[in-house]
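Structure record follows, encoded as structure tokens.
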Number of protein chains: 4
Amino acid sequence: MTHSPESPLRVLVWGENRHEQVEPHVAEIYPDGMHNTIRSGIEENLGATARVHTATLDDPEHGLTEEVLADTDVLVWWGHMAHADVDDDIVARVHRHVLSGMGLVVLHSGHWSKIFQKLMGTTCTLRWRSEEDREIVWTIDPTHPIAQGIPHPFIIPQQEMYGEFFDVPAPDEIIFLSTFSGGEVFRSGCTWRRGFGKIFFFSPGDQDYPVYHHENVRRVIANGVRWAHTERSERALPTLRRHETEEFYTGKAYQGALVR
Amino acid sequence: MTHSPESPLRVLVWGENRHEQVEPHVAEIYPDGMHNTIRSGIEENLGATARVHTATLDDPEHGLTEEVLADTDVLVWWGHMAHADVDDDIVARVHRHVLSGMGLVVLHSGHWSKIFQKLMGTTCTLRWRSEEDREIVWTIDPTHPIAQGIPHPFIIPQQEMYGEFFDVPAPDEIIFLSTFSGGEVFRSGCTWRRGFGKIFFFSPGDQDYPVYHHENVRRVIANGVRWAHTERSERALPTLRRHETEEFYTGKAYQGALVR
Amino acid sequence: MTHSPESPLRVLVWGENRHEQVEPHVAEIYPDGMHNTIRSGIEENLGATARVHTATLDDPEHGLTEEVLADTDVLVWWGHMAHADVDDDIVARVHRHVLSGMGLVVLHSGHWSKIFQKLMGTTCTLRWRSEEDREIVWTIDPTHPIAQGIPHPFIIPQQEMYGEFFDVPAPDEIIFLSTFSGGEVFRSGCTWRRGFGKIFFFSPGDQDYPVYHHENVRRVIANGVRWAHTERSERALPTLRRHETEEFYTGKAYQGALVR
Amino acid sequence: MTHSPESPLRVLVWGENRHEQVEPHVAEIYPDGMHNTIRSGIEENLGATARVHTATLDDPEHGLTEEVLADTDVLVWWGHMAHADVDDDIVARVHRHVLSGMGLVVLHSGHWSKIFQKLMGTTCTLRWRSEEDREIVWTIDPTHPIAQGIPHPFIIPQQEMYGEFFDVPAPDEIIFLSTFSGGEVFRSGCTWRRGFGKIFFFSPGDQDYPVYHHENVRRVIANGVRWAHTERSERALPTLRRHETEEFYTGKAYQGALVR
């Protein structure tokens, strides 16, 4: 529960890593790749209490093998132009790990990723515009661990606009609301629990703007990583079991609908 | 919004209709099929303000064609032994209609149906036992429309036990909690919004017990049907659109991730 | 439950009615008093299905006698400069009626009224500015009855700014979010249940701007009035009662802490 | 945020300490007073990371002076037969500290204390019986910090029954549900945020039964104490301030309703 250099939180930052290859202006903002910029923001804030690795779409199995996921406490997800290239079987694997207790932090355009849609059950659509709006991020849940140390509000000078209606289930907690120069609003920091896993979505961040270099964005992501870690000891999916009267703890495996 | 004999609420009760064919004791409790018993409970309570049809698994396209769904305000779902036989494409169609505004009432063992899992994003597992427990249903949201006219508590003399942990997203509203003779507890009446659709899950009800003949169970289901109807005028999926500054209403269709 | 000209919803609009007396520019915008403008907006939308009365601070007992409250399904509250002049005993009476089942719609500066603070348990403070900001009201709960028929978004050309942090309990439902020209954001349409009563807070509206003449503001308030009505048949406070085993319905009155 | 022996969490257990004086069977179960038994359970679980003091009703100012509260991170409250003897001014002081950031853990019969009612805004009534029911405590929010290390379920052999309807605002989180031998159910572990303070209510515990000696009850209370601590640096009430356009951080004090 308390992470130390001896027992650090095991974090994996997954980056699509495509825009950086095909768009020079993105490579200029993020010369090490967006995933490495995100990683450095987490390391900067969590220090030796976290051990942060990265993986990308083009790695074998997208870098998300069973072994890697079993060794991950919290997965951070950034994707955009290549959502469709993520293999459905690997999405199912990540989904199983989240329901079994792995934390998940979904960033920005990850709202439209297969894994986020699968966990939400909705279209996860929104309204948008990329015209250098100013985004102001306001805290409406001031005691939430993810909001600690974050100014109210903080300002991102240039940003893509993400606006409502954001088609997601009503969040368990809404921590941040963002407004944009054009007058739009967005639930920009939200949490949901699914199975034994905790999910944090944070919308600021884009390949076209240097948002992942912003001090407060980095701090929010680090806070979110720490929050998303579940303190349960085992990684196991919720299962359906039959419990006889007065037998509360073990149960029996399901035998089929016609077995009574 | 107000339903009248001239403009009735269009309800479709979907029943798997398998236990009734293969288990004589079920056919004895539900000689017209469970779907028809559920239907009669809705008609009994909503009268001429609702028009209730039925469909079953063995109908062509499971009775859930595009035309039928487009003509349905609220779909009621009961399935159990044949969840796996429901065609994935038809599940996707129902899912699209729910997100587009069709109400959905999921009953009892429907908790493990493909459509409910797809909407929830979780395993929807629970603990269970079929040993003639007494179920007591308590109201914890007394002003909710679905709780109106329902005694606090009401008792179902013999029932299958469904117990926590029920692996679903934290409900938007928990209306009913059930306890069982064995000491278990279950969130037995819950709501969730997904897209433009409203979902009500109600756990009492089973093929092995005459639960759908119970006066208060019938009233809750009818209240749930009425509640799940969304008053929006069109049936349309939330979509991602680009809105220029000061253009708030129409937007433009998405052109792809590299188009700015 | 269904209101008709024979059995209309009984609505009472309570207005402080002070600014209209001391500030000519307010009297110009609201020549009949703000309470009558609010009343007309409700009548315009609910027609003969509602019967709308008014009461003001200077009426005997502020127009909120036991008899009047017992004859009220939903109370609408607007106050601002004279919150402190509302008698504590009458606040306690209104509080008791809300917990017993009377609906309450609190408007704008009513956020700082004694009755709203007493129901919320918090300071109900916020940030503000009166500088003719443009307010844009966005719907984030599109299936909510209060949002029906309301454009997404709608615009109020000139308004006082109310901004976060708004110190209220996390709402049961957030229906509307507002943004302002200055970049602030506010949870502008929220619901809470307290006891057997339903509460809707809606922030647009001010004595200095003609907001209660705005078509969509009027519709939201009317929707809120209809929603806040609880369908329970009796007006009674939740009470603590002792229930012997297997005696579920009647109970015995509390006899004191040392009586076992 | 991380508490250590050098910077321990400052906890104050407030006990009414009356039953222990007038009822020999209570003194027998709790020879050191209930507050000291509760204290030892917290110390047992939090060790040197917490410093736990106690205060009782009969202390000057009930042991809740401004200085004591300013030196308290989390207050634990147990009261029952003497709720009415708690001074209203001291209740107002505790209320102010909670809204300003002090954590509050309310135990069992504290549901009917003045401070809990003031924070909830409702009657906080319930149904009850003291007849040695068995209470079973079930976890429905398995990733919540307060549920960590707690068996699902755990059993309290003899307990007072607390049943629904529990007249409190819909909790922000429901962590535990309890059932009783008689078939009743209760939301037994719930959280709410109010102002800058976090509140945890936990119902198991009674003067007539040795519940505060139960291993898992002690662990839940300790978890609740740790959770209720807010990481904000200052103890200050939310206030209403005017912010000019583009002036986001300081604001000006409120000058009255007629000053524009």
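Each chain in the structure tokens gets a letter, A, B and so on, in the order shown; residues start at 1 in every chain, and ligands are counted from 1 in the order they appear.
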request  = For chain C, work out the contacting residues on chain A at 10 Å, counting only C-alpha atoms, and write them as a count of residues only.
outcome  = 32
request  = Would you mind writing down, as number ranges by chain, each residue of region 136-201 of chain B that DSSP on the backbone assigns to strand (DSSP E or B)?
outcome  = B: 136-139, 154-163, 173-180, 185-194, 197-201
note = One residue among C:His80, C:His25, C:Arg226, C:Arg232 is nearest to Arg51 (chain C) when using only C-alpha atoms, and that residue is C:Arg226
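Within 10 Å of Leu9 (chain B), once only C-alpha atoms are used and residues closer than 5 positions along the same chain are dropped, the contacting residues are B:Met1, B:Thr2, B:His3, B:Ser4, B:Leu46, B:Ala48, B:Thr49, B:Ala50, B:Arg51, B:Val52, B:Thr72, B:Asp73, B:Val74, B:Val225, B:Arg226, B:His229.
Here CA of Leu12 (chain C) stands at a distance of 22.3 Å from CA of Gly121 (chain D).
One distance worth recording is that between CA of Thr65 (chain C) and CA of Asn36 (chain C), which is 19.8 Å.
From CA of Leu237 (chain C) back to CA of Glu43 (chain C), the distance works out to 29.7 Å.
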ask   = Could you write out, as a VMD selection string, all the residues of region 15-95 of chain C that DSSP marks as alpha helix (DSSP H)?
value = chain C and resid 19 to 22 24 to 29 34 to 46 66 to 70 88 to 95
request  = Excluding Arg242 (chain D) and residues on its chain fewer than 5 positions from it, collect all residues at most 7 Å away from it, counting only C-alpha atoms, and give them as a PyMOL selection string.
outcome  = (chain C and resi 127-129) or (chain D and resi 251-254)
Using all heavy atoms, can you write the selected residues to a file as a CSV table (one decimal), in the first residue's frame?
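Now in selection_39.csv:
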```csv
chain,number,residue,atom,x,y,z
C,127,ARG,N,-17.9,31.3,-6.2
C,127,ARG,CA,-17.3,32.6,-6.7
C,127,ARG,C,-18.3,33.3,-7.6
C,127,ARG,O,-19.1,32.6,-8.2
C,127,ARG,CB,-16.0,32.3,-7.3
C,127,ARG,CG,-16.0,31.6,-8.7
C,127,ARG,CD,-14.6,31.6,-9.3
C,127,ARG,NE,-13.6,30.9,-8.5
C,127,ARG,CZ,-12.3,31.1,-8.6
C,127,ARG,NH1,-11.8,31.9,-9.5
C,127,ARG,NH2,-11.5,30.4,-7.8
C,128,TRP,N,-18.2,34.6,-7.6
C,128,TRP,CA,-19.2,35.3,-8.5
C,128,TRP,C,-18.6,36.6,-9.0
C,128,TRP,O,-17.5,37.1,-8.6
C,128,TRP,CB,-20.5,35.6,-7.7
C,128,TRP,CG,-20.3,36.6,-6.6
C,128,TRP,CD1,-19.6,36.5,-5.4
C,128,TRP,CD2,-20.7,38.0,-6.7
C,128,TRP,NE1,-19.6,37.6,-4.7
C,128,TRP,CE2,-20.2,38.6,-5.5
C,128,TRP,CE3,-21.3,38.8,-7.6
C,128,TRP,CZ2,-20.5,39.9,-5.2
C,128,TRP,CZ3,-21.6,40.1,-7.4
C,128,TRP,CH2,-21.1,40.7,-6.2
C,129,ARG,N,-19.4,37.2,-9.9
C,129,ARG,CA,-19.0,38.5,-10.5
C,129,ARG,C,-20.2,38.9,-11.3
C,129,ARG,O,-20.9,38.1,-11.9
C,129,ARG,CB,-17.8,38.3,-11.5
C,129,ARG,CG,-17.5,39.5,-12.4
C,129,ARG,CD,-16.3,39.3,-13.3
C,129,ARG,NE,-16.6,38.2,-14.3
C,129,ARG,CZ,-16.0,37.1,-14.4
C,129,ARG,NH1,-15.0,36.8,-13.6
C,129,ARG,NH2,-16.3,36.2,-15.3
D,251,GLY,N,-9.6,37.0,-5.4
D,251,GLY,CA,-10.9,37.4,-5.2
D,251,GLY,C,-11.0,38.5,-4.1
D,251,GLY,O,-10.0,38.9,-3.5
D,252,LYS,N,-12.2,39.0,-4.0
D,252,LYS,CA,-12.5,40.0,-2.9
D,252,LYS,C,-13.6,39.6,-2.0
D,252,LYS,O,-14.5,38.9,-2.5
D,252,LYS,CB,-12.9,41.4,-3.6
D,252,LYS,CG,-11.8,42.1,-4.3
D,252,LYS,CD,-12.2,43.4,-4.9
D,252,LYS,CE,-13.0,43.2,-6.2
D,252,LYS,NZ,-13.2,44.4,-7.0
D,253,ALA,N,-13.5,40.0,-0.8
D,253,ALA,CA,-14.6,39.6,0.2
D,253,ALA,C,-15.9,40.1,-0.2
D,253,ALA,O,-16.0,41.2,-0.9
D,253,ALA,CB,-14.2,40.1,1.6
D,254,TYR,N,-17.0,39.4,0.1
D,254,TYR,CA,-18.3,39.9,-0.2
D,254,TYR,C,-18.7,41.1,0.5
D,254,TYR,O,-18.4,41.3,1.7
D,254,TYR,CB,-19.3,38.7,0.2
D,254,TYR,CG,-20.7,39.0,-0.1
D,254,TYR,CD1,-21.1,39.0,-1.5
D,254,TYR,CD2,-21.7,39.1,0.9
D,254,TYR,CE1,-22.5,39.2,-1.8
D,254,TYR,CE2,-23.0,39.3,0.5
D,254,TYR,CZ,-23.4,39.4,-0.8
D,254,TYR,OH,-24.7,39.6,-1.1
```
task = Excluding Val76 (chain C) and any residue of its chain fewer than 6 positions from it, enumerate the residues within 12 Å of it, using only C-alpha atoms, and give them as a PyMOL selection string.
result = chain C and resi 10-16+34-36+38-39+42+52-56+64+69+94+98+102-108+110+115-116+198-202+221-222+224-226+228-229
query = Near Tyr209 (chain D), within 7 Å and counting only C-alpha atoms, which residues show up once chain neighbours fewer than 2 positions away are dropped, as a ChimeraX atom specification?
reply = /D:158-159,206-207,211
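Checking D:Met120, D:Val217, D:Ile175, D:Cys190 one by one against Phe154 (chain D), counting only C-alpha atoms, you find the shortest gap at D:Val217.
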